[in-house]
Amino acid sequence: MRKSTKLNLTAIALTCSMASASGFAAQLDISLTNATKGIHFTPLLVAAHDGSTFLFRAGTSASAELESMAEGGDISGLSSAITNAGGIVVENPASGPLAPATGTNFSIDTGEMGYLSLTAMLLPTNDGFVGLDSWPIPSEPGTYHIKLNGYDAGTEANDELSTSIPNPPFLTFGANGTGVETTVSNNTVHVHPGNIGDGDANGGRSDVDFSVHRWLNPVAVMTVVVN
């Protein structure tokens with residue numbers, strides 16, 4: 001009789017332990033604000049995933065999917081990669097580009113996933129993007145604030161010419177510059193140095209207006225409410 005009671009208590013304890021381990025799922029309410037003066041974000045991709053999956057990783061070469069996003073704002077490849085790996089994605093929660101000093105609000109059910117990532121191209125840049133890489137989702141309910149940096153995919157020279165950048169309506173200068181950079185100086189993902197720009201609408205080195213499109217990190221502020 002005592003042996004049976006002990007086994008029953010062990011079974012109960014094991015059941016509770018398994019429930020606790022599988023009870024990680026969190027509903028996140030997220031707000032994201034573009035903190036720049038003149039940089040637009042292309043449609044956002046937000047992903048909940050496990051520790052073996054990521055959208056990007058600083059210090060490593062960009063994937064083909066990341067290159068497509070960073071140079072042209074195409075999030076479809078990264079979204080498919082996360083989904084195929086069992087992750088959860090929210091695509092384009094702002095229903096289009098996110099303008100400077102504006103924000104968007106959305107929710108994501110992270111299921112069993114333990115990490116949160118985000119990305120979108122920065123315009124106008126050659127291959128710059130706003131990024132959050134594998135932020136550990138807290139198990140404790142509460143409100144968390146995160147500052148997001150701009151990254152360079154390392155896949156294209158930062159010439160800052162409108163012929164190299166998806167421009168309308170983000171550039172105010174035409175294709176008159178000679179180019180700030182002609183070769184890639186760092187071919188891995190790294191923190192973006194920001195646009196250089198110039199003030200010459202009819203020439204100079206850059207087609208980027210430094211009075212509008214110059215920026216420093218962080219480029220975005222995110223608030224995550226873990227319910």
# chains A, B, ... in the order shown; residues from 1 in each chain; ligands from 1
>>> select_by_dssp(residues="chain A", states="alpha helix (DSSP H)", output="ChimeraX atom specification")
/A:2-21,64-72,76-84,210-213
>>> closest_atom_pairs(of="stretch 22-74 of chain A", to="stretch 81-100 of chain A", cutoff="9 Å", atoms="only C-alpha atoms", output="tab-separated table")
residue	atom	partner	partner_atom	distance
A:Thr33	CA	A:Pro100	CA	8.3
A:Asn34	CA	A:Pro100	CA	5.3
A:Ala35	CA	A:Pro100	CA	6.5
A:Thr36	CA	A:Pro100	CA	5.4
A:Lys37	CA	A:Pro100	CA	5.7
A:Gly38	CA	A:Pro100	CA	5.6
A:Ile39	CA	A:Pro100	CA	5.8
A:His40	CA	A:Ala99	CA	4.8
A:Phe41	CA	A:Leu98	CA	4.9
A:Thr42	CA	A:Pro97	CA	4.5
A:Pro43	CA	A:Asn92	CA	4.7
A:Leu44	CA	A:Asn92	CA	4.8
A:Leu45	CA	A:Glu91	CA	4.9
A:Val46	CA	A:Val90	CA	5.1
A:Ala47	CA	A:Val89	CA	4.4
A:Ala48	CA	A:Ile88	CA	5.1
A:His49	CA	A:Gly87	CA	4.5
A:Asp50	CA	A:Gly87	CA	7.1
A:Thr53	CA	A:Ile82	CA	7.2
A:Phe54	CA	A:Ile82	CA	7.7
A:Leu55	CA	A:Ile82	CA	7.8
A:Glu65	CA	A:Ala81	CA	8.3
>>> closest_residue(among="A:Val189, A:Ile165, A:Ile108, A:Ala175", to="A:Gly131", atoms="only C-alpha atoms")
A:Val189
>>> closest_atom_pairs(of="stretch 69-98 of chain A", to="stretch 141-152 of chain A", cutoff="12 Å", atoms="only C-alpha atoms", output="tab-separated table")
residue	atom	partner	partner_atom	distance
A:Met69	CA	A:Asp152	CA	11.4
A:Ala70	CA	A:Asp152	CA	7.9
A:Glu71	CA	A:Asp152	CA	9.9
>>> select_by_dssp(residues="stretch 24-192 of chain A", states="strand (DSSP E)", output="number ranges by chain")
A: 27-34, 40-41, 45-49, 88-91, 103-109, 115-123, 128-136, 142-152, 190-191
>>> residues_around(residues="A:Val208", least_positions_apart="5", cutoff="8 Å", atoms="only C-alpha atoms", output="mmCIF file with all heavy atoms, in the first residue's frame")
data_model
loop_
_atom_site.group_PDB
_atom_site.id
_atom_site.type_symbol
_atom_site.label_atom_id
_atom_site.label_comp_id
_atom_site.auth_asym_id
_atom_site.auth_seq_id
_atom_site.Cartn_x
_atom_site.Cartn_y
_atom_site.Cartn_z
ATOM 1 N N PRO A 124 16.708 55.251 -47.002
ATOM 2 C CA PRO A 124 17.572 54.738 -48.050
ATOM 3 C C PRO A 124 18.919 54.246 -47.533
ATOM 4 O O PRO A 124 19.676 54.994 -46.925
ATOM 5 C CB PRO A 124 17.784 55.971 -48.946
ATOM 6 C CG PRO A 124 17.734 57.128 -47.976
ATOM 7 C CD PRO A 124 16.765 56.728 -46.916
ATOM 8 N N GLU A 160 25.678 54.644 -51.658
ATOM 9 C CA GLU A 160 24.636 55.652 -51.406
ATOM 10 C C GLU A 160 24.154 56.314 -52.690
ATOM 11 O O GLU A 160 23.789 57.495 -52.711
ATOM 12 C CB GLU A 160 25.121 56.706 -50.395
ATOM 13 C CG GLU A 160 25.467 56.125 -49.040
ATOM 14 C CD GLU A 160 25.865 57.166 -48.010
ATOM 15 O OE1 GLU A 160 25.691 58.367 -48.262
ATOM 16 O OE2 GLU A 160 26.366 56.771 -46.939
ATOM 17 N N LEU A 161 24.096 55.544 -53.765
ATOM 18 C CA LEU A 161 23.603 56.051 -55.039
ATOM 19 C C LEU A 161 22.198 55.526 -55.301
ATOM 20 O O LEU A 161 21.885 54.371 -55.011
ATOM 21 C CB LEU A 161 24.532 55.615 -56.172
ATOM 22 C CG LEU A 161 25.977 56.117 -56.095
ATOM 23 C CD1 LEU A 161 26.775 55.607 -57.289
ATOM 24 C CD2 LEU A 161 26.013 57.642 -56.042
ATOM 25 N N LEU A 171 14.306 58.866 -51.430
ATOM 26 C CA LEU A 171 15.441 59.727 -51.756
ATOM 27 C C LEU A 171 14.951 61.053 -52.314
ATOM 28 O O LEU A 171 14.010 61.104 -53.105
ATOM 29 C CB LEU A 171 16.370 59.055 -52.770
ATOM 30 C CG LEU A 171 17.317 57.975 -52.237
ATOM 31 C CD1 LEU A 171 18.058 57.317 -53.386
ATOM 32 C CD2 LEU A 171 18.309 58.558 -51.249
ATOM 33 N N THR A 172 15.613 62.130 -51.925
ATOM 34 C CA THR A 172 15.262 63.447 -52.443
ATOM 35 C C THR A 172 16.249 63.913 -53.506
ATOM 36 O O THR A 172 15.957 64.832 -54.259
ATOM 37 C CB THR A 172 15.233 64.483 -51.303
ATOM 38 O OG1 THR A 172 16.482 64.454 -50.601
ATOM 39 C CG2 THR A 172 14.121 64.169 -50.325
ATOM 40 N N PHE A 173 17.412 63.277 -53.575
ATOM 41 C CA PHE A 173 18.413 63.612 -54.587
ATOM 42 C C PHE A 173 18.335 62.608 -55.740
ATOM 43 O O PHE A 173 17.948 61.460 -55.558
ATOM 44 C CB PHE A 173 19.831 63.572 -54.011
ATOM 45 C CG PHE A 173 20.133 64.652 -53.007
ATOM 46 C CD1 PHE A 173 21.329 64.651 -52.316
ATOM 47 C CD2 PHE A 173 19.231 65.681 -52.737
ATOM 48 C CE1 PHE A 173 21.634 65.635 -51.381
ATOM 49 C CE2 PHE A 173 19.519 66.669 -51.812
ATOM 50 C CZ PHE A 173 20.720 66.639 -51.129
ATOM 51 N N ASN A 195 24.413 56.361 -42.689
ATOM 52 C CA ASN A 195 24.642 57.041 -43.962
ATOM 53 C C ASN A 195 25.607 58.198 -43.774
ATOM 54 O O ASN A 195 25.609 58.857 -42.729
ATOM 55 C CB ASN A 195 23.325 57.586 -44.523
ATOM 56 C CG ASN A 195 22.426 56.488 -45.071
ATOM 57 O OD1 ASN A 195 22.906 55.471 -45.557
ATOM 58 N ND2 ASN A 195 21.131 56.696 -45.006
ATOM 59 N N ILE A 196 26.402 58.463 -44.809
ATOM 60 C CA ILE A 196 27.278 59.642 -44.820
ATOM 61 C C ILE A 196 26.533 60.819 -45.429
ATOM 62 O O ILE A 196 26.360 61.861 -44.810
ATOM 63 C CB ILE A 196 28.570 59.366 -45.608
ATOM 64 C CG1 ILE A 196 29.304 58.154 -45.007
ATOM 65 C CG2 ILE A 196 29.464 60.606 -45.599
ATOM 66 C CD1 ILE A 196 29.697 58.314 -43.572
ATOM 67 N N GLY A 197 26.057 60.640 -46.662
ATOM 68 C CA GLY A 197 25.292 61.677 -47.330
ATOM 69 C C GLY A 197 26.106 62.906 -47.673
ATOM 70 O O GLY A 197 27.305 62.990 -47.395
ATOM 71 N N ASP A 198 25.451 63.864 -48.320
ATOM 72 C CA ASP A 198 26.036 65.177 -48.555
ATOM 73 C C ASP A 198 24.899 66.173 -48.754
ATOM 74 O O ASP A 198 23.727 65.809 -48.641
ATOM 75 C CB ASP A 198 27.007 65.173 -49.742
ATOM 76 C CG ASP A 198 26.358 64.795 -51.070
ATOM 77 O OD1 ASP A 198 25.204 65.202 -51.320
ATOM 78 O OD2 ASP A 198 27.002 64.098 -51.877
ATOM 79 N N HIS A 213 18.769 62.055 -43.964
ATOM 80 C CA HIS A 213 18.963 60.605 -43.916
ATOM 81 C C HIS A 213 20.177 60.148 -43.117
ATOM 82 O O HIS A 213 20.493 58.968 -43.107
ATOM 83 C CB HIS A 213 19.055 60.066 -45.344
ATOM 84 C CG HIS A 213 17.854 60.352 -46.168
ATOM 85 N ND1 HIS A 213 17.906 60.987 -47.393
ATOM 86 C CD2 HIS A 213 16.536 60.107 -45.931
ATOM 87 C CE1 HIS A 213 16.691 61.122 -47.893
ATOM 88 N NE2 HIS A 213 15.846 60.588 -47.029
#
>>> closest_residue(among="A:Ile137, A:Ala153, A:Ala26, A:Leu116", to="A:Phe56", atoms="only C-alpha atoms")
A:Ala153
>>> closest_residue(among="A:Thr60, A:Asn217, A:Ser79, A:Thr104", to="A:Val191", atoms="only C-alpha atoms")
A:Asn217
>>> closest_residue(among="A:Gly179, A:Pro218, A:Gly174, A:Pro168", to="A:Asn202", atoms="only C-alpha atoms")
A:Gly174
>>> residues_around(residues="A:Ser185", least_positions_apart="4", cutoff="10 Å", atoms="only C-alpha atoms", output="ChimeraX atom specification")
/A:154-158,181
